[in-house]
Amino acid sequence: MDHVPCLKAWTETFGGIHYPILSDFWPHGDVAKKYGVLRSEGYTERAIFIIDDAGIIRYIDIHDISEQPDNRILFAELKKLRPNYQEPEEVADTSQLPHGGIVMYCTKWCPECRQARAWFTEMMMPYTEVDVMSIPGADTQVREWNNGNLTTPTFDINGQILTGFNRERITQLLKS
Amino acid sequence: MKHLKVGDRAPDFTLPSHLDTSVKLSNLRGKAVVIAFFPLAWTPV
């Protein structure tokens with residue numbers, strides 16, 4: 001529902017996105033309304049529709065706004081439309097990723113990653129940062145921990161996994 | 001606001017995209033299409 005320049009700026013923070021990010025900005029949420037997912041607050045549900053070759057809806061997932069969808073379910077649904085599709089084999093090597101202390105899997109741009117960085121610096125807590133966009137195997141590892149989602153930040157704190165930035169949990173995990 | 005269900009025809013639309021091209025759903029016949037509405041940029045809220 002953002003306008004196009006805003007979408008461009010957003011995609012640039014990922015180093016670009018090759019599939020089209022569409023703007024339902026004007027008339028505001030018009031397409032969301034057609035799909036029955038416009039909320040009274042003025043933004044949409046977190047919703048996914050899969051549409052087949054003939055333009056028929058084959059899958060609808062309307063998600064709780066506080067949750068992220070599970071990509072594995074989505075891929076399984078897509079596979080039903082393309083039963084012969086062979087997924088490329090994953091060759092990601094996660095054995096070289098750092099372990100021990102606080103390891104933060106993050107992106108350059110994610111707001112919570114920024115908050116975490118600031119907090120670690122303020123508290124003078126040593127941590128290791130792994131950029132999931134550039135370190136080989138990092139995205140595979142984070143998806144493995146988060147139902148197929150590349151959620152950032154995700155922390156590996158002495159082998160215990162924490163998704164999302166939570167000061168209390170980090171403090172607890174460091175003690176345990 | 002009408003709720004759609006599986007088996008319904010997907011309502012057609014044309015929207016501008018960040019790639020400077022418009023996307024018209026009915027031009028994508030013959031392809032599998034995923035439409036994701038992602039308010040708040042998928043961030044946890």
# chains A, B, ... in the order shown; residues from 1 in each chain; ligands from 1
$ interface_residues --of "chain A" --to "chain B" --cutoff "6 Å" --atoms "only C-alpha atoms" --output "list in words"
Val4, Leu7, Lys8, Pro20, Ile21, Leu22, Ser23, Gly36, Thr44, Arg46, Ala47, Ile48, Phe49, Ile50, Ile51, Asp52, Asp53, Ala54, Gly55, Ile56, Ile57, Arg58, Tyr59 and Ser66 of chain A
$ select_by_dssp --residues "stretch 4-40 of chain B" --states "strand (DSSP E)" --output "JSON, numbers by chain"
{"B": [14, 15, 16, 22, 23, 24, 33, 34, 35, 36, 37]}
$ select_by_dssp --residues "chain A" --states "helix (DSSP H, G or I)" --output "number ranges by chain"
A: 4-12, 30-34, 71-81, 111-122, 138-145, 167-175
$ atom_distance --atom1 "atom CA of A:Tyr43" --atom2 "atom CA of A:His28"
9.2 Å
$ atom_distance --atom1 "atom CA of A:Leu74" --atom2 "atom CA of A:Pro5"
28.5 Å
$ residues_around --residues "A:Gln96" --least-positions-apart "3" --cutoff "12 Å" --atoms "only C-alpha atoms" --output "compact mmCIF listing (two decimals) with N, CA, C and O atoms, in the first residue's frame"
# COMPACT_ATOMS: atom_id res chain seq x y z
N ALA A 92 24.32 -25.31 0.35
CA ALA A 92 24.81 -24.37 1.36
C ALA A 92 25.62 -25.09 2.43
O ALA A 92 25.22 -26.12 2.94
N ASP A 93 26.74 -24.51 2.74
CA ASP A 93 27.61 -25.06 3.77
C ASP A 93 27.49 -24.18 5.02
O ASP A 93 27.86 -23.01 5.00
N HIS A 99 30.41 -19.72 16.11
CA HIS A 99 29.66 -20.17 17.28
C HIS A 99 30.32 -19.63 18.54
O HIS A 99 31.50 -19.32 18.53
N VAL A 130 26.68 -11.71 11.72
CA VAL A 130 26.70 -12.48 10.47
C VAL A 130 25.62 -11.89 9.56
O VAL A 130 24.43 -11.95 9.88
N ILE A 135 26.92 -13.62 3.85
CA ILE A 135 27.75 -14.72 4.35
C ILE A 135 27.18 -16.06 3.86
O ILE A 135 26.02 -16.38 4.14
N PRO A 136 27.97 -16.85 3.12
CA PRO A 136 27.45 -18.11 2.58
C PRO A 136 26.93 -19.03 3.68
O PRO A 136 27.57 -19.18 4.72
N GLY A 137 25.78 -19.61 3.45
CA GLY A 137 25.21 -20.57 4.41
C GLY A 137 24.38 -19.90 5.50
O GLY A 137 23.59 -20.57 6.16
N ALA A 138 24.55 -18.58 5.68
CA ALA A 138 23.87 -17.91 6.80
C ALA A 138 22.35 -17.92 6.61
O ALA A 138 21.59 -18.18 7.55
N GLN A 141 20.94 -21.36 7.31
CA GLN A 141 20.94 -21.63 8.74
C GLN A 141 19.76 -20.93 9.43
O GLN A 141 19.04 -21.53 10.22
$ residues_around --residues "A:Gly159" --least-positions-apart "2" --cutoff "8 Å" --atoms "only C-alpha atoms" --output "JSON list (two decimals) with N, CA and C atoms, in the first residue's frame"
[["chain", "number", "residue", "atom", "x", "y", "z"],
["A", 99, "HIS", "N", 30.41, -19.72, 16.11],
["A", 99, "HIS", "CA", 29.66, -20.17, 17.28],
["A", 99, "HIS", "C", 30.32, -19.63, 18.54],
["A", 100, "GLY", "N", 29.54, -19.58, 19.60],
["A", 100, "GLY", "CA", 30.10, -19.16, 20.89],
["A", 100, "GLY", "C", 29.81, -17.71, 21.18],
["A", 156, "ASP", "N", 22.25, -16.70, 17.93],
["A", 156, "ASP", "CA", 22.76, -17.97, 18.43],
["A", 156, "ASP", "C", 23.60, -17.58, 19.64],
["A", 157, "ILE", "N", 23.06, -17.87, 20.82],
["A", 157, "ILE", "CA", 23.76, -17.48, 22.06],
["A", 157, "ILE", "C", 24.24, -18.75, 22.74],
["A", 161, "ILE", "N", 18.98, -20.69, 20.45],
["A", 161, "ILE", "CA", 18.50, -19.84, 19.37],
["A", 161, "ILE", "C", 17.38, -18.92, 19.87]]
